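Notes for the one structure printed next.
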Amino acid sequence: MTLARFPITAEQISGVVAEFYAAIRAHPSLGPVFAAHVTDWPAHEEKIARFWRNAILFERSYDGNPMAIHRAAGNVRPGMFDDWLVLFDSVLHRRLPAETAAQWSALAHRIGRGLRMGVVDDLTPPGGIPRLRPSR
């Protein structure tokens, strides 16, 4: 029996990821950011589904480094994580039972805070003040 952070199936995770990235592609500010980096959407969605299965179901099928990817992208700004999380939460609440959606949302917000801080650190000049809301 697989332990999980909360009750969810791999199929539910894949469904959330697919719906979320369909919404990302249509989003006026996030869509172009992703389009600049993602050329194979099915492969990207599978990779992100593996990330979430690792984080939630404790599978060991993901070996990427989200912090390094977001920092190296060059066009990701801290304020974008707010839009990302609003969109992600809306998908969670449409697709999942309320308690499961709330638990996954809490995990996503925790991860998002870490990624946001990593991007802020990358945008902070040595000895300077962090630019928390640079232009998108």
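Ligands are numbered from 1 in the order shown, chains are lettered A, B, ... in the order of the structure tokens, and residues start at 1 in each chain.
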
*asked:* Would you pick out the contacts of Glu99 (chain A) at 12 Å or less, using only C-alpha atoms, so that residues sharing its chain but fewer than 6 positions from it are not included, and give the list as JSON, numbers by chain?
replied: {"A": [6, 7, 8, 92, 93, 105, 106]}

*What lies within 12 Å of Asp82 (chain A) using only C-alpha atoms, ignoring chain neighbours under 5 positions off, as a list in words?*
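Near neighbours after the sequence-gap exclusion: Ser29, Leu30, Val76, Arg77, Leu87, Phe88, Asp89, Ala108, His109, Gly112, Arg113, Leu115, Arg116, Leu132, Arg133 and Arg136 of chain A.
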
*asked:* Excluding Arg50 (chain A) and its own-chain neighbours fewer than 3 positions away, which residues fall within 8 Å of it when counting only C-alpha atoms? Please give them as a list in words.
replied: Glu46, Lys47, Arg53, Asn54, Glu59, Ser61 and Tyr62 of chain A

*asked:* Counting only C-alpha atoms, which residue out of A:Phe20, A:Trp104, A:Phe51, A:Phe81 sits closest to Gly118 (chain A)?
replied: A:Phe81

Looking only at helix (DSSP H, G or I) from DSSP on the backbone, list the matching residues of region 21-78 of chain A as a short mmCIF file (atom, residue, chain, number, x, y, z; two decimals) with all heavy atoms, in the first residue's frame.
```cif
data_model
loop_
_atom_site.label_atom_id
_atom_site.label_comp_id
_atom_site.auth_asym_id
_atom_site.auth_seq_id
_atom_site.Cartn_x
_atom_site.Cartn_y
_atom_site.Cartn_z
N TYR A 21 -2.52 22.96 -17.30
CA TYR A 21 -1.70 23.44 -18.41
C TYR A 21 -2.54 23.87 -19.61
O TYR A 21 -2.10 24.73 -20.39
CB TYR A 21 -0.60 22.44 -18.77
CG TYR A 21 0.52 22.56 -17.77
CD1 TYR A 21 0.77 21.58 -16.84
CD2 TYR A 21 1.29 23.72 -17.72
CE1 TYR A 21 1.77 21.73 -15.89
CE2 TYR A 21 2.29 23.88 -16.78
CZ TYR A 21 2.52 22.88 -15.87
OH TYR A 21 3.50 23.04 -14.92
N ALA A 22 -3.74 23.33 -19.77
CA ALA A 22 -4.64 23.86 -20.79
C ALA A 22 -5.00 25.31 -20.43
O ALA A 22 -5.02 26.19 -21.30
CB ALA A 22 -5.89 23.00 -20.90
N ALA A 23 -5.24 25.56 -19.15
CA ALA A 23 -5.55 26.92 -18.69
C ALA A 23 -4.32 27.82 -18.81
O ALA A 23 -4.45 29.00 -19.17
CB ALA A 23 -6.06 26.88 -17.25
N ILE A 24 -3.15 27.30 -18.52
CA ILE A 24 -1.91 28.08 -18.65
C ILE A 24 -1.74 28.56 -20.08
O ILE A 24 -1.42 29.72 -20.34
CB ILE A 24 -0.67 27.26 -18.21
CG1 ILE A 24 -0.56 27.21 -16.69
CG2 ILE A 24 0.62 27.80 -18.83
CD1 ILE A 24 -0.13 28.49 -16.02
N ARG A 25 -1.93 27.66 -21.04
CA ARG A 25 -1.74 28.02 -22.45
C ARG A 25 -2.66 29.16 -22.87
O ARG A 25 -2.32 29.96 -23.74
CB ARG A 25 -1.93 26.80 -23.34
CG ARG A 25 -0.78 25.82 -23.21
CD ARG A 25 -0.83 24.72 -24.26
NE ARG A 25 -1.91 23.77 -24.09
CZ ARG A 25 -1.86 22.71 -23.28
NH1 ARG A 25 -0.78 22.46 -22.56
NH2 ARG A 25 -2.89 21.89 -23.20
N ALA A 26 -3.83 29.28 -22.23
CA ALA A 26 -4.80 30.33 -22.56
C ALA A 26 -4.63 31.59 -21.70
O ALA A 26 -5.24 32.61 -22.00
CB ALA A 26 -6.22 29.80 -22.38
N LEU A 30 0.72 34.32 -18.24
CA LEU A 30 1.52 33.12 -17.99
C LEU A 30 1.74 32.29 -19.25
O LEU A 30 2.80 31.67 -19.42
CB LEU A 30 0.86 32.25 -16.91
CG LEU A 30 0.77 32.86 -15.52
CD1 LEU A 30 0.01 31.93 -14.58
CD2 LEU A 30 2.14 33.20 -14.97
N GLY A 31 0.77 32.29 -20.15
CA GLY A 31 0.89 31.51 -21.38
C GLY A 31 2.16 31.80 -22.16
O GLY A 31 2.90 30.87 -22.52
N PRO A 32 2.46 33.08 -22.42
CA PRO A 32 3.69 33.38 -23.18
C PRO A 32 4.97 32.98 -22.45
O PRO A 32 5.95 32.60 -23.09
CB PRO A 32 3.62 34.90 -23.36
CG PRO A 32 2.17 35.24 -23.25
CD PRO A 32 1.61 34.26 -22.26
N VAL A 33 4.97 33.04 -21.13
CA VAL A 33 6.16 32.65 -20.36
C VAL A 33 6.42 31.16 -20.55
O VAL A 33 7.55 30.74 -20.85
CB VAL A 33 5.99 32.98 -18.86
CG1 VAL A 33 7.15 32.43 -18.04
CG2 VAL A 33 5.87 34.49 -18.67
N PHE A 34 5.38 30.35 -20.42
CA PHE A 34 5.54 28.92 -20.61
C PHE A 34 5.86 28.59 -22.07
O PHE A 34 6.69 27.74 -22.35
CB PHE A 34 4.27 28.17 -20.16
CG PHE A 34 4.22 27.95 -18.69
CD1 PHE A 34 3.75 28.94 -17.84
CD2 PHE A 34 4.65 26.76 -18.13
CE1 PHE A 34 3.70 28.75 -16.47
CE2 PHE A 34 4.60 26.54 -16.76
CZ PHE A 34 4.12 27.54 -15.94
N ALA A 35 5.19 29.28 -23.01
CA ALA A 35 5.40 29.00 -24.44
C ALA A 35 6.85 29.25 -24.85
O ALA A 35 7.35 28.61 -25.78
CB ALA A 35 4.45 29.85 -25.28
N TRP A 41 4.29 19.83 -25.03
CA TRP A 41 3.37 19.90 -23.89
C TRP A 41 3.08 18.55 -23.26
O TRP A 41 3.08 18.44 -22.02
CB TRP A 41 2.08 20.62 -24.30
CG TRP A 41 2.31 22.10 -24.36
CD1 TRP A 41 2.52 22.86 -25.48
CD2 TRP A 41 2.40 23.00 -23.25
NE1 TRP A 41 2.74 24.16 -25.12
CE2 TRP A 41 2.66 24.29 -23.75
CE3 TRP A 41 2.30 22.84 -21.88
CZ2 TRP A 41 2.81 25.40 -22.95
CZ3 TRP A 41 2.44 23.96 -21.05
CH2 TRP A 41 2.69 25.21 -21.59
N PRO A 42 2.81 17.48 -24.03
CA PRO A 42 2.57 16.19 -23.36
C PRO A 42 3.75 15.74 -22.50
O PRO A 42 3.57 15.25 -21.38
CB PRO A 42 2.32 15.23 -24.52
CG PRO A 42 1.78 16.12 -25.61
CD PRO A 42 2.55 17.41 -25.47
N ALA A 43 4.97 15.92 -22.99
CA ALA A 43 6.16 15.53 -22.19
C ALA A 43 6.27 16.41 -20.95
O ALA A 43 6.61 15.92 -19.87
CB ALA A 43 7.42 15.63 -23.05
N HIS A 44 6.00 17.70 -21.10
CA HIS A 44 6.07 18.61 -19.94
C HIS A 44 5.03 18.21 -18.89
O HIS A 44 5.34 18.13 -17.71
CB HIS A 44 5.86 20.06 -20.38
CG HIS A 44 5.89 21.02 -19.24
ND1 HIS A 44 7.06 21.36 -18.59
CD2 HIS A 44 4.90 21.70 -18.62
CE1 HIS A 44 6.78 22.21 -17.63
NE2 HIS A 44 5.48 22.43 -17.61
N GLU A 45 3.81 17.97 -19.35
CA GLU A 45 2.75 17.59 -18.42
C GLU A 45 3.07 16.28 -17.70
O GLU A 45 2.83 16.15 -16.50
CB GLU A 45 1.41 17.51 -19.15
CG GLU A 45 0.91 18.87 -19.57
CD GLU A 45 -0.34 18.83 -20.41
OE1 GLU A 45 -1.06 17.79 -20.40
OE2 GLU A 45 -0.63 19.84 -21.08
N GLU A 46 3.64 15.33 -18.41
CA GLU A 46 4.02 14.06 -17.77
C GLU A 46 5.11 14.30 -16.73
O GLU A 46 5.08 13.73 -15.64
CB GLU A 46 4.46 13.03 -18.79
CG GLU A 46 4.94 11.72 -18.18
CD GLU A 46 4.01 11.09 -17.15
OE1 GLU A 46 2.77 11.18 -17.29
OE2 GLU A 46 4.52 10.49 -16.18
N LYS A 47 6.08 15.15 -17.05
CA LYS A 47 7.14 15.45 -16.10
C LYS A 47 6.58 16.11 -14.83
O LYS A 47 6.96 15.75 -13.71
CB LYS A 47 8.18 16.36 -16.74
CG LYS A 47 9.35 16.69 -15.83
CD LYS A 47 10.39 17.52 -16.55
CE LYS A 47 11.60 17.71 -15.66
NZ LYS A 47 12.70 18.35 -16.37
N ILE A 48 5.66 17.05 -15.01
CA ILE A 48 5.07 17.73 -13.86
C ILE A 48 4.17 16.79 -13.07
O ILE A 48 4.12 16.84 -11.84
CB ILE A 48 4.34 19.01 -14.30
CG1 ILE A 48 5.30 19.96 -15.02
CG2 ILE A 48 3.67 19.69 -13.12
CD1 ILE A 48 6.57 20.30 -14.24
N ALA A 49 3.46 15.91 -13.76
CA ALA A 49 2.67 14.89 -13.04
C ALA A 49 3.58 14.01 -12.20
O ALA A 49 3.24 13.66 -11.06
CB ALA A 49 1.85 14.07 -14.03
N ARG A 50 4.76 13.65 -12.74
CA ARG A 50 5.73 12.88 -11.95
C ARG A 50 6.19 13.68 -10.73
O ARG A 50 6.36 13.12 -9.64
CB ARG A 50 6.94 12.47 -12.80
CG ARG A 50 6.66 11.34 -13.76
CD ARG A 50 7.93 10.73 -14.36
NE ARG A 50 8.90 11.70 -14.82
CZ ARG A 50 8.95 12.21 -16.05
NH1 ARG A 50 8.06 11.83 -16.97
NH2 ARG A 50 9.89 13.07 -16.38
N PHE A 51 6.41 14.99 -10.91
CA PHE A 51 6.80 15.85 -9.78
C PHE A 51 5.75 15.76 -8.67
O PHE A 51 6.07 15.55 -7.50
CB PHE A 51 6.95 17.31 -10.24
CG PHE A 51 7.06 18.27 -9.10
CD1 PHE A 51 8.28 18.50 -8.48
CD2 PHE A 51 5.94 18.95 -8.61
CE1 PHE A 51 8.38 19.37 -7.40
CE2 PHE A 51 6.03 19.82 -7.54
CZ PHE A 51 7.26 20.03 -6.94
N TRP A 52 4.46 15.93 -9.05
CA TRP A 52 3.40 15.91 -8.04
C TRP A 52 3.21 14.51 -7.45
O TRP A 52 2.95 14.38 -6.25
CB TRP A 52 2.10 16.45 -8.62
CG TRP A 52 2.13 17.94 -8.77
CD1 TRP A 52 2.07 18.65 -9.94
CD2 TRP A 52 2.26 18.91 -7.73
NE1 TRP A 52 2.15 20.00 -9.67
CE2 TRP A 52 2.27 20.19 -8.31
CE3 TRP A 52 2.39 18.82 -6.34
CZ2 TRP A 52 2.37 21.36 -7.58
CZ3 TRP A 52 2.49 19.99 -5.59
CH2 TRP A 52 2.49 21.24 -6.22
N ARG A 53 3.35 13.45 -8.26
CA ARG A 53 3.25 12.10 -7.69
C ARG A 53 4.38 11.86 -6.70
O ARG A 53 4.18 11.21 -5.67
CB ARG A 53 3.26 11.04 -8.80
CG ARG A 53 1.97 11.03 -9.61
CD ARG A 53 1.83 9.80 -10.49
NE ARG A 53 3.01 9.48 -11.27
CZ ARG A 53 3.22 9.88 -12.52
NH1 ARG A 53 2.34 10.65 -13.14
NH2 ARG A 53 4.32 9.52 -13.16
N ASN A 54 5.54 12.40 -6.97
CA ASN A 54 6.65 12.29 -6.03
C ASN A 54 6.32 13.05 -4.74
O ASN A 54 6.52 12.53 -3.64
CB ASN A 54 7.93 12.86 -6.67
CG ASN A 54 9.12 12.78 -5.76
OD1 ASN A 54 9.57 11.70 -5.40
ND2 ASN A 54 9.63 13.92 -5.35
N ALA A 55 5.82 14.27 -4.87
CA ALA A 55 5.55 15.11 -3.71
C ALA A 55 4.37 14.61 -2.88
O ALA A 55 4.37 14.76 -1.65
CB ALA A 55 5.28 16.55 -4.16
N ILE A 56 3.38 14.02 -3.53
CA ILE A 56 2.15 13.63 -2.83
C ILE A 56 2.12 12.14 -2.52
O ILE A 56 1.79 11.73 -1.41
CB ILE A 56 0.91 14.02 -3.66
CG1 ILE A 56 0.87 15.54 -3.87
CG2 ILE A 56 -0.36 13.55 -2.96
CD1 ILE A 56 -0.13 15.99 -4.92
N LEU A 57 2.44 11.32 -3.51
CA LEU A 57 2.36 9.87 -3.35
C LEU A 57 3.69 9.23 -2.97
O LEU A 57 3.76 8.03 -2.78
CB LEU A 57 1.84 9.23 -4.65
CG LEU A 57 0.47 9.69 -5.13
CD1 LEU A 57 0.14 9.04 -6.47
CD2 LEU A 57 -0.61 9.39 -4.10
N PRO A 66 13.30 21.92 -9.82
CA PRO A 66 12.42 23.05 -10.13
C PRO A 66 13.05 24.41 -9.84
O PRO A 66 12.86 25.35 -10.62
CB PRO A 66 11.19 22.83 -9.26
CG PRO A 66 11.21 21.37 -8.94
CD PRO A 66 12.65 20.97 -8.91
N MET A 67 13.79 24.53 -8.76
CA MET A 67 14.41 25.82 -8.44
C MET A 67 15.38 26.24 -9.54
O MET A 67 15.34 27.38 -10.01
CB MET A 67 15.14 25.75 -7.09
CG MET A 67 15.76 27.07 -6.67
SD MET A 67 14.52 28.34 -6.28
CE MET A 67 13.89 27.69 -4.74
N ALA A 68 16.23 25.34 -9.94
CA ALA A 68 17.21 25.68 -10.98
C ALA A 68 16.51 26.04 -12.30
O ALA A 68 16.92 26.99 -12.97
CB ALA A 68 18.17 24.51 -11.19
N ILE A 69 15.47 25.31 -12.64
CA ILE A 69 14.74 25.57 -13.89
C ILE A 69 14.10 26.96 -13.86
O ILE A 69 14.21 27.73 -14.81
CB ILE A 69 13.65 24.49 -14.13
CG1 ILE A 69 14.30 23.12 -14.34
CG2 ILE A 69 12.74 24.88 -15.28
CD1 ILE A 69 15.19 23.01 -15.55
N HIS A 70 13.43 27.29 -12.76
CA HIS A 70 12.77 28.60 -12.67
C HIS A 70 13.78 29.74 -12.63
O HIS A 70 13.54 30.80 -13.21
CB HIS A 70 11.85 28.65 -11.44
CG HIS A 70 10.60 27.85 -11.63
ND1 HIS A 70 10.54 26.51 -11.35
CD2 HIS A 70 9.38 28.20 -12.09
CE1 HIS A 70 9.33 26.07 -11.62
NE2 HIS A 70 8.60 27.07 -12.08
N ARG A 71 14.89 29.53 -11.97
CA ARG A 71 15.90 30.59 -11.90
C ARG A 71 16.58 30.78 -13.26
O ARG A 71 16.89 31.90 -13.65
CB ARG A 71 16.93 30.26 -10.83
CG ARG A 71 16.34 30.39 -9.42
CD ARG A 71 17.35 30.07 -8.38
NE ARG A 71 18.16 31.27 -8.14
CZ ARG A 71 18.99 31.41 -7.15
NH1 ARG A 71 19.18 30.41 -6.31
NH2 ARG A 71 19.66 32.51 -6.99
N ALA A 72 16.80 29.70 -13.97
CA ALA A 72 17.51 29.78 -15.25
C ALA A 72 16.63 30.27 -16.39
O ALA A 72 17.14 30.70 -17.42
CB ALA A 72 18.10 28.42 -15.61
N ALA A 73 15.32 30.22 -16.22
CA ALA A 73 14.41 30.56 -17.31
C ALA A 73 14.63 31.98 -17.83
O ALA A 73 14.54 32.24 -19.02
CB ALA A 73 12.95 30.39 -16.87
#
```

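Atom pair CA of Arg110 (chain A) / CA of Arg60 (chain A): separated by 20.2 Å.
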
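Comparing A:Ala98, A:Leu85, A:Leu107, A:Val91 by their smallest distance to Ser14 (chain A), the closest is A:Val91 (using only C-alpha atoms).
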
*asked:* To one decimal place in Å, what is the distance between CA of Gly79 (chain A) and CA of Pro97 (chain A)?
replied: 28.3 Å
